[in-house]
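Novice: Quick one: structure below, then a few questions.
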Amino acid sequence: MSTNNGHISKSKYRGIYQIDPFTLLDFPDHLACILWFAGCNMRCGYCYNPSIVKGKGKISYEEALAFISSRKNLLDGVVFSGGECTLHPGIVELAMAIKEMGMKVKVDTNGSQPESLKSLLGMQAVKYVSLDFKALPAHYYKVTKLNAFAEFSKSLSLLLHSGVQMEVRTTVHSSLFSPVQLYEMAGFLKAAGYKGNYYLQHFVGDTPTLEPLPPSIKKNVSLDFSIDGIDVIWRN
Ligand code: SF4
C-alpha cells in the first residue's frame with residue numbers, strides 16, 4: 001500500500017467493522033469519529049466488543065476516507081480502535097491519508113505489534129496513543145490469552161522515546177487484579193520511565209463480553225495507587 005496523489009493502492013481492503021460518526025470522549029480535546037477495526041489477537045474475557053473481535057471487516061479504507069472527507073469541517077480527529085488496529089495492513093498509509101486531510105489520528109492499541117507501532121510513529125502519522133497495560137508478566141496470559149508482555153514492553157519503550165502524546169490504561173475486573181498488583185503495575189510504569197496519568201477503568205458488566213464473568217466488585221476504587229511521578233486515576 002502506498003500513497004500516490006492522495007490515493008491508496010490497497011484502498012479496497014475491508015479492515016473496518018464499523019464507523020462511529022462522532023465522539024467527544026475518546027480523543028482528548030478533539031471532536032472525532034471512531035474506526036472500529038475488525039479482529040484481535042487477544043481474548044480478554046472482559047472485552048466489551050466481542051462482535052468486533054470475532055467479526056470480519058465490512059468497510060474499506062476507501063469508504064472510510066470518503067466518510068472522513070465528508071466530515072472534514074465537523075471533525076478534527078479520527079480514532080483507530082477495535083479490535084486491534086495495528087494488526088491490519090496499510091494502517092500507516094491510512095493514517096497518512098487522514099493526516100493529509102488536516103486531521104489528527106489517535107490509536108488505541110494493546111501493544112502487541114511494536115513493529116507496526118514503530119512504523120506509525122516513524123511516519124509521524126499519529127498524534128496520540130492510548131496503550132492498554134493488560135497485566136504484569138505473571139498474569140498477562142491469564143488476562144489476554146496471549147503471551148505478549150515482551151511486545152507490550154517494547155511498545156511502551158517505543159512510545160516513551162517517541163515523544164508522542166500518550167496514556168496508559170488498564171481495565172480492572174476484581175477477579176483478575178488485587179490492590180497489590182495495581183500498585184506493582186504503577187511501579188512497573190515508573191521503572192520504565194513513564195510519567196503522567198495512568199488510567200484505571202473499572203469493569204462494568206452491563207454489555208455482553210467475550211467470556212461470561214462474575215460481577216466485578218468495585219472494591220478498589222477508593223484506593224489511591226498513585227506513586228511519585230504517576231497519578232493513578234479511576235475513570236469510572
Ligand atoms: S479488550 Fe482484549 S480482546 Fe478486546 S479488543 Fe482489547 S485487546 Fe482485544
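Here's how to read the names in the C-alpha cells: chain A, B, ... by the order shown, residue numbers from 1 in each chain, ligand numbers from 1 in the order shown.
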Show me which residues sit within 6 Å of ligand 1 when counting only C-alpha atoms and all ligand atoms, and put them as a PDB file with C-alpha atoms, in the first residue's frame.
Specialist:
```
ATOM      1  CA  CYS A  40      -7.950  -9.028  17.683  1.00  0.00           C
ATOM      2  CA  MET A  42      -6.086 -11.225  22.319  1.00  0.00           C
ATOM      3  CA  ARG A  43      -9.076 -12.737  24.056  1.00  0.00           C
ATOM      4  CA  CYS A  44      -9.565 -10.692  27.211  1.00  0.00           C
ATOM      5  CA  CYS A  47     -13.769  -7.452  26.330  1.00  0.00           C
ATOM      6  CA  ASN A  49     -16.541  -5.763  21.843  1.00  0.00           C
ATOM      7  CA  VAL A  53     -13.121  -9.048  17.929  1.00  0.00           C
ATOM      8  CA  GLY A  82     -11.099  -2.157  17.649  1.00  0.00           C
ATOM      9  CA  GLY A  83     -10.283  -4.979  17.875  1.00  0.00           C
ATOM     10  CA  GLU A  84      -6.609  -4.305  17.343  1.00  0.00           C
ATOM     11  CA  ASN A 110      -2.978  -3.476  23.099  1.00  0.00           C
TER      12      ASN A 110
END
```
Novice: For region 69-76 of chain A, please output as a ChimeraX atom specification all residues within 12 Å (counting only C-alpha atoms; exclusion window: fewer than 4 positions along the same chain).
Specialist: /A:21-24,27-34,61-65,97-106,127
Novice: For Gln124 (chain A), which residue among A:Val79, A:Val92, A:Leu160, A:Ala148 is the nearest when counting only C-alpha atoms?
Specialist: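 Closest candidate: A:Val92.
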Novice: Can you tell me, as a PyMOL selection string, what residues are no more than 8 Å from region 136-143 of chain A when counting only C-alpha atoms, ignoring any on the same chain fewer than 2 positions away?
Specialist: chain A and resi 43-45+134+145-149+176+181+185
Novice: Would you pick out the contacts of region 200-215 of chain A at 9 Å or less, using only C-alpha atoms, so that residues sharing its chain but fewer than 6 positions from it are not included, and give the list as a count of residues only?
Specialist: 24
Novice: If you measure from CA of Tyr183 (chain A) to CA of Tyr128 (chain A), what distance in Å do you get, rounded to one decimal?
Specialist: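 If I compute the distance from CA of Tyr183 (chain A) to CA of Tyr128 (chain A), I get 25.3 Å.
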Novice: Which residues come within 8 Å of Cys85 (chain A), counting only C-alpha atoms, excluding same-chain residues fewer than 6 positions away, as a VMD selection string?
Specialist: chain A and resid 36 to 38 91 107 to 109
Novice: Selected residues, C-alpha atoms, written as an mmCIF file, in the first residue's frame, please.
Specialist:
```cif
data_model
loop_
_atom_site.group_PDB
_atom_site.id
_atom_site.type_symbol
_atom_site.label_atom_id
_atom_site.label_comp_id
_atom_site.auth_asym_id
_atom_site.auth_seq_id
_atom_site.Cartn_x
_atom_site.Cartn_y
_atom_site.Cartn_z
ATOM 1 C CA TRP A 36 -13.501 0.109 14.721
ATOM 2 C CA PHE A 37 -11.042 -2.350 13.172
ATOM 3 C CA ALA A 38 -12.184 -5.962 12.998
ATOM 4 C CA ILE A 91 -2.823 1.497 8.548
ATOM 5 C CA VAL A 107 -4.523 4.972 18.079
ATOM 6 C CA ASP A 108 -5.922 2.627 20.717
ATOM 7 C CA THR A 109 -3.683 -0.437 20.970
#
```
Novice: Could you tell me, as a ChimeraX atom specification, which residues of region 54-196 of chain A DSSP assigns to strand (DSSP E or B) when given the backbone?
Specialist: /A:59-60,77-82,104-109,128-132,165-172,196
Novice: Go ahead and write the residues just picked, N, CA and C atoms, as a PDB file, in the first residue's frame.
Specialist:
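Result file again_3.pdb:
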```pdb
ATOM      1  N   ILE A  59     -16.016  -2.533   5.967  1.00  0.00           N
ATOM      2  CA  ILE A  59     -15.859  -1.199   5.358  1.00  0.00           C
ATOM      3  C   ILE A  59     -14.429  -1.049   4.855  1.00  0.00           C
ATOM      4  N   SER A  60     -14.286  -0.630   3.606  1.00  0.00           N
ATOM      5  CA  SER A  60     -12.944  -0.478   3.027  1.00  0.00           C
ATOM      6  C   SER A  60     -12.313   0.835   3.484  1.00  0.00           C
ATOM      7  N   GLY A  77     -10.498  14.941  14.367  1.00  0.00           N
ATOM      8  CA  GLY A  77      -9.715  13.761  14.719  1.00  0.00           C
ATOM      9  C   GLY A  77     -10.392  12.468  14.307  1.00  0.00           C
ATOM     10  N   VAL A  78      -9.560  11.422  14.191  1.00  0.00           N
ATOM     11  CA  VAL A  78     -10.043  10.076  13.877  1.00  0.00           C
ATOM     12  C   VAL A  78      -9.372   9.112  14.847  1.00  0.00           C
ATOM     13  N   VAL A  79     -10.189   8.282  15.493  1.00  0.00           N
ATOM     14  CA  VAL A  79      -9.667   7.281  16.431  1.00  0.00           C
ATOM     15  C   VAL A  79      -9.614   5.937  15.721  1.00  0.00           C
ATOM     16  N   PHE A  80      -8.442   5.269  15.779  1.00  0.00           N
ATOM     17  CA  PHE A  80      -8.322   3.891  15.297  1.00  0.00           C
ATOM     18  C   PHE A  80      -8.497   2.991  16.514  1.00  0.00           C
ATOM     19  N   SER A  81      -9.616   2.256  16.573  1.00  0.00           N
ATOM     20  CA  SER A  81      -9.853   1.392  17.717  1.00  0.00           C
ATOM     21  C   SER A  81     -10.268   0.018  17.214  1.00  0.00           C
ATOM     22  N   GLY A  82     -10.730  -0.823  18.113  1.00  0.00           N
ATOM     23  CA  GLY A  82     -11.099  -2.157  17.649  1.00  0.00           C
ATOM     24  C   GLY A  82     -11.603  -3.013  18.801  1.00  0.00           C
ATOM     25  N   LYS A 104      -6.188  14.803  12.800  1.00  0.00           N
ATOM     26  CA  LYS A 104      -5.271  14.085  13.687  1.00  0.00           C
ATOM     27  C   LYS A 104      -5.776  12.660  13.903  1.00  0.00           C
ATOM     28  N   VAL A 105      -4.824  11.771  14.163  1.00  0.00           N
ATOM     29  CA  VAL A 105      -5.168  10.367  14.392  1.00  0.00           C
ATOM     30  C   VAL A 105      -4.766   9.961  15.801  1.00  0.00           C
ATOM     31  N   LYS A 106      -5.687   9.297  16.466  1.00  0.00           N
ATOM     32  CA  LYS A 106      -5.384   8.664  17.754  1.00  0.00           C
ATOM     33  C   LYS A 106      -5.464   7.148  17.565  1.00  0.00           C
ATOM     34  N   VAL A 107      -4.539   6.432  18.179  1.00  0.00           N
ATOM     35  CA  VAL A 107      -4.523   4.972  18.079  1.00  0.00           C
ATOM     36  C   VAL A 107      -4.760   4.363  19.455  1.00  0.00           C
ATOM     37  N   ASP A 108      -5.731   3.464  19.532  1.00  0.00           N
ATOM     38  CA  ASP A 108      -5.922   2.627  20.717  1.00  0.00           C
ATOM     39  C   ASP A 108      -5.282   1.280  20.421  1.00  0.00           C
ATOM     40  N   THR A 109      -4.368   0.818  21.293  1.00  0.00           N
ATOM     41  CA  THR A 109      -3.683  -0.437  20.970  1.00  0.00           C
ATOM     42  C   THR A 109      -3.416  -1.264  22.221  1.00  0.00           C
ATOM     43  N   TYR A 128      -1.703  10.832  19.041  1.00  0.00           N
ATOM     44  CA  TYR A 128      -1.971  10.388  20.415  1.00  0.00           C
ATOM     45  C   TYR A 128      -2.133   8.870  20.408  1.00  0.00           C
ATOM     46  N   VAL A 129      -1.550   8.215  21.408  1.00  0.00           N
ATOM     47  CA  VAL A 129      -1.671   6.756  21.516  1.00  0.00           C
ATOM     48  C   VAL A 129      -2.166   6.401  22.907  1.00  0.00           C
ATOM     49  N   SER A 130      -3.164   5.540  22.938  1.00  0.00           N
ATOM     50  CA  SER A 130      -3.666   5.008  24.201  1.00  0.00           C
ATOM     51  C   SER A 130      -3.249   3.539  24.267  1.00  0.00           C
ATOM     52  N   LEU A 131      -2.406   3.224  25.227  1.00  0.00           N
ATOM     53  CA  LEU A 131      -1.804   1.886  25.312  1.00  0.00           C
ATOM     54  C   LEU A 131      -2.438   1.102  26.456  1.00  0.00           C
ATOM     55  N   ASP A 132      -2.945  -0.084  26.134  1.00  0.00           N
ATOM     56  CA  ASP A 132      -3.507  -0.960  27.173  1.00  0.00           C
ATOM     57  C   ASP A 132      -2.382  -1.670  27.907  1.00  0.00           C
ATOM     58  N   GLN A 165       2.164  12.121  22.263  1.00  0.00           N
ATOM     59  CA  GLN A 165       1.262  12.181  23.421  1.00  0.00           C
ATOM     60  C   GLN A 165       0.689  10.795  23.660  1.00  0.00           C
ATOM     61  N   MET A 166       0.641  10.398  24.907  1.00  0.00           N
ATOM     62  CA  MET A 166       0.187   9.040  25.176  1.00  0.00           C
ATOM     63  C   MET A 166      -0.478   8.939  26.544  1.00  0.00           C
ATOM     64  N   GLU A 167      -1.204   7.845  26.703  1.00  0.00           N
ATOM     65  CA  GLU A 167      -1.705   7.482  28.022  1.00  0.00           C
ATOM     66  C   GLU A 167      -1.630   5.967  28.139  1.00  0.00           C
ATOM     67  N   VAL A 168      -1.565   5.507  29.377  1.00  0.00           N
ATOM     68  CA  VAL A 168      -1.593   4.073  29.653  1.00  0.00           C
ATOM     69  C   VAL A 168      -2.847   3.799  30.464  1.00  0.00           C
ATOM     70  N   ARG A 169      -3.506   2.679  30.154  1.00  0.00           N
ATOM     71  CA  ARG A 169      -4.761   2.391  30.849  1.00  0.00           C
ATOM     72  C   ARG A 169      -4.907   0.887  31.079  1.00  0.00           C
ATOM     73  N   THR A 170      -5.633   0.565  32.127  1.00  0.00           N
ATOM     74  CA  THR A 170      -5.885  -0.836  32.465  1.00  0.00           C
ATOM     75  C   THR A 170      -7.361  -1.005  32.808  1.00  0.00           C
ATOM     76  N   THR A 171      -7.970  -2.043  32.241  1.00  0.00           N
ATOM     77  CA  THR A 171      -9.322  -2.409  32.659  1.00  0.00           C
ATOM     78  C   THR A 171      -9.204  -3.344  33.857  1.00  0.00           C
ATOM     79  N   VAL A 172      -9.925  -3.020  34.912  1.00  0.00           N
ATOM     80  CA  VAL A 172      -9.782  -3.753  36.173  1.00  0.00           C
ATOM     81  C   VAL A 172     -11.054  -4.540  36.477  1.00  0.00           C
ATOM     82  N   GLY A 196       3.154  10.689  34.195  1.00  0.00           N
ATOM     83  CA  GLY A 196       1.857  11.206  33.761  1.00  0.00           C
ATOM     84  C   GLY A 196       0.731  10.433  34.400  1.00  0.00           C
TER      85      GLY A 196
END
```
Novice: Would you write out, as a Markdown table, a table of all residues in region 39-133 of chain A that have an atom no more than 6 Å from an atom of region 152-157 of chain A, listing for each the closest atom pair and the distance in Å to one decimal, considering only C-alpha atoms and ordering rows by chain and rising residue number?
Specialist:
```
| residue | atom | partner | partner_atom | distance |
| --- | --- | --- | --- | --- |
| A:Gly111 | CA | A:Phe152 | CA | 4.5 |
| A:Ser112 | CA | A:Phe152 | CA | 5.3 |
| A:Pro114 | CA | A:Ser155 | CA | 4.8 |
```
Novice: How would the residues just chosen look if you wrote them out with N, CA and C atoms as a PDB file, in the first residue's frame?
Specialist:
```pdb
ATOM      1  N   GLY A 111      -0.741  -3.020  22.252  1.00  0.00           N
ATOM      2  CA  GLY A 111       0.722  -3.001  22.332  1.00  0.00           C
ATOM      3  C   GLY A 111       1.405  -4.262  21.861  1.00  0.00           C
ATOM      4  N   SER A 112       0.677  -5.158  21.229  1.00  0.00           N
ATOM      5  CA  SER A 112       1.269  -6.450  20.851  1.00  0.00           C
ATOM      6  C   SER A 112       2.025  -6.411  19.526  1.00  0.00           C
ATOM      7  N   PRO A 114       4.664  -4.105  18.155  1.00  0.00           N
ATOM      8  CA  PRO A 114       5.563  -2.944  18.217  1.00  0.00           C
ATOM      9  C   PRO A 114       6.103  -2.511  16.857  1.00  0.00           C
TER      10      PRO A 114
END
```
Novice: Write down as JSON, numbers by chain the residues of region 40-181 of chain A whose backbone DSSP state falls under helix (DSSP H, G or I).
Specialist: {"A": [50, 51, 52, 53, 54, 61, 62, 63, 64, 65, 66, 67, 68, 69, 70, 85, 86, 87, 91, 92, 93, 94, 95, 96, 97, 98, 99, 100, 114, 115, 116, 117, 118, 119, 120, 121, 122, 137, 138, 139, 140, 141, 142, 143, 144, 149, 150, 151, 152, 153, 154, 155, 156, 157, 158, 159, 160, 161, 162, 179, 180, 181]}
Novice: Give the answer as one residue: which of A:Leu158, A:Leu87, A:Ala125, A:Leu35 has the shortest atom-to-atom distance to Tyr194 (chain A), using only C-alpha atoms?
Specialist: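 Closest residue, counting only C-alpha atoms: A:Leu158.
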Novice: Could you jot down the CA of Ile68 (chain A) to CA of Ile19 (chain A) separation for me, Å, one decimal place?
Specialist: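 About the pair CA of Ile68 (chain A) and CA of Ile19 (chain A): they are 9.9 Å apart.
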Novice: What is the CA of Met96 (chain A)-CA of Lys12 (chain A) distance in Å, reported with one decimal?
Specialist: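 Between CA of Met96 (chain A) and CA of Lys12 (chain A) the gap works out to 16.3 Å.
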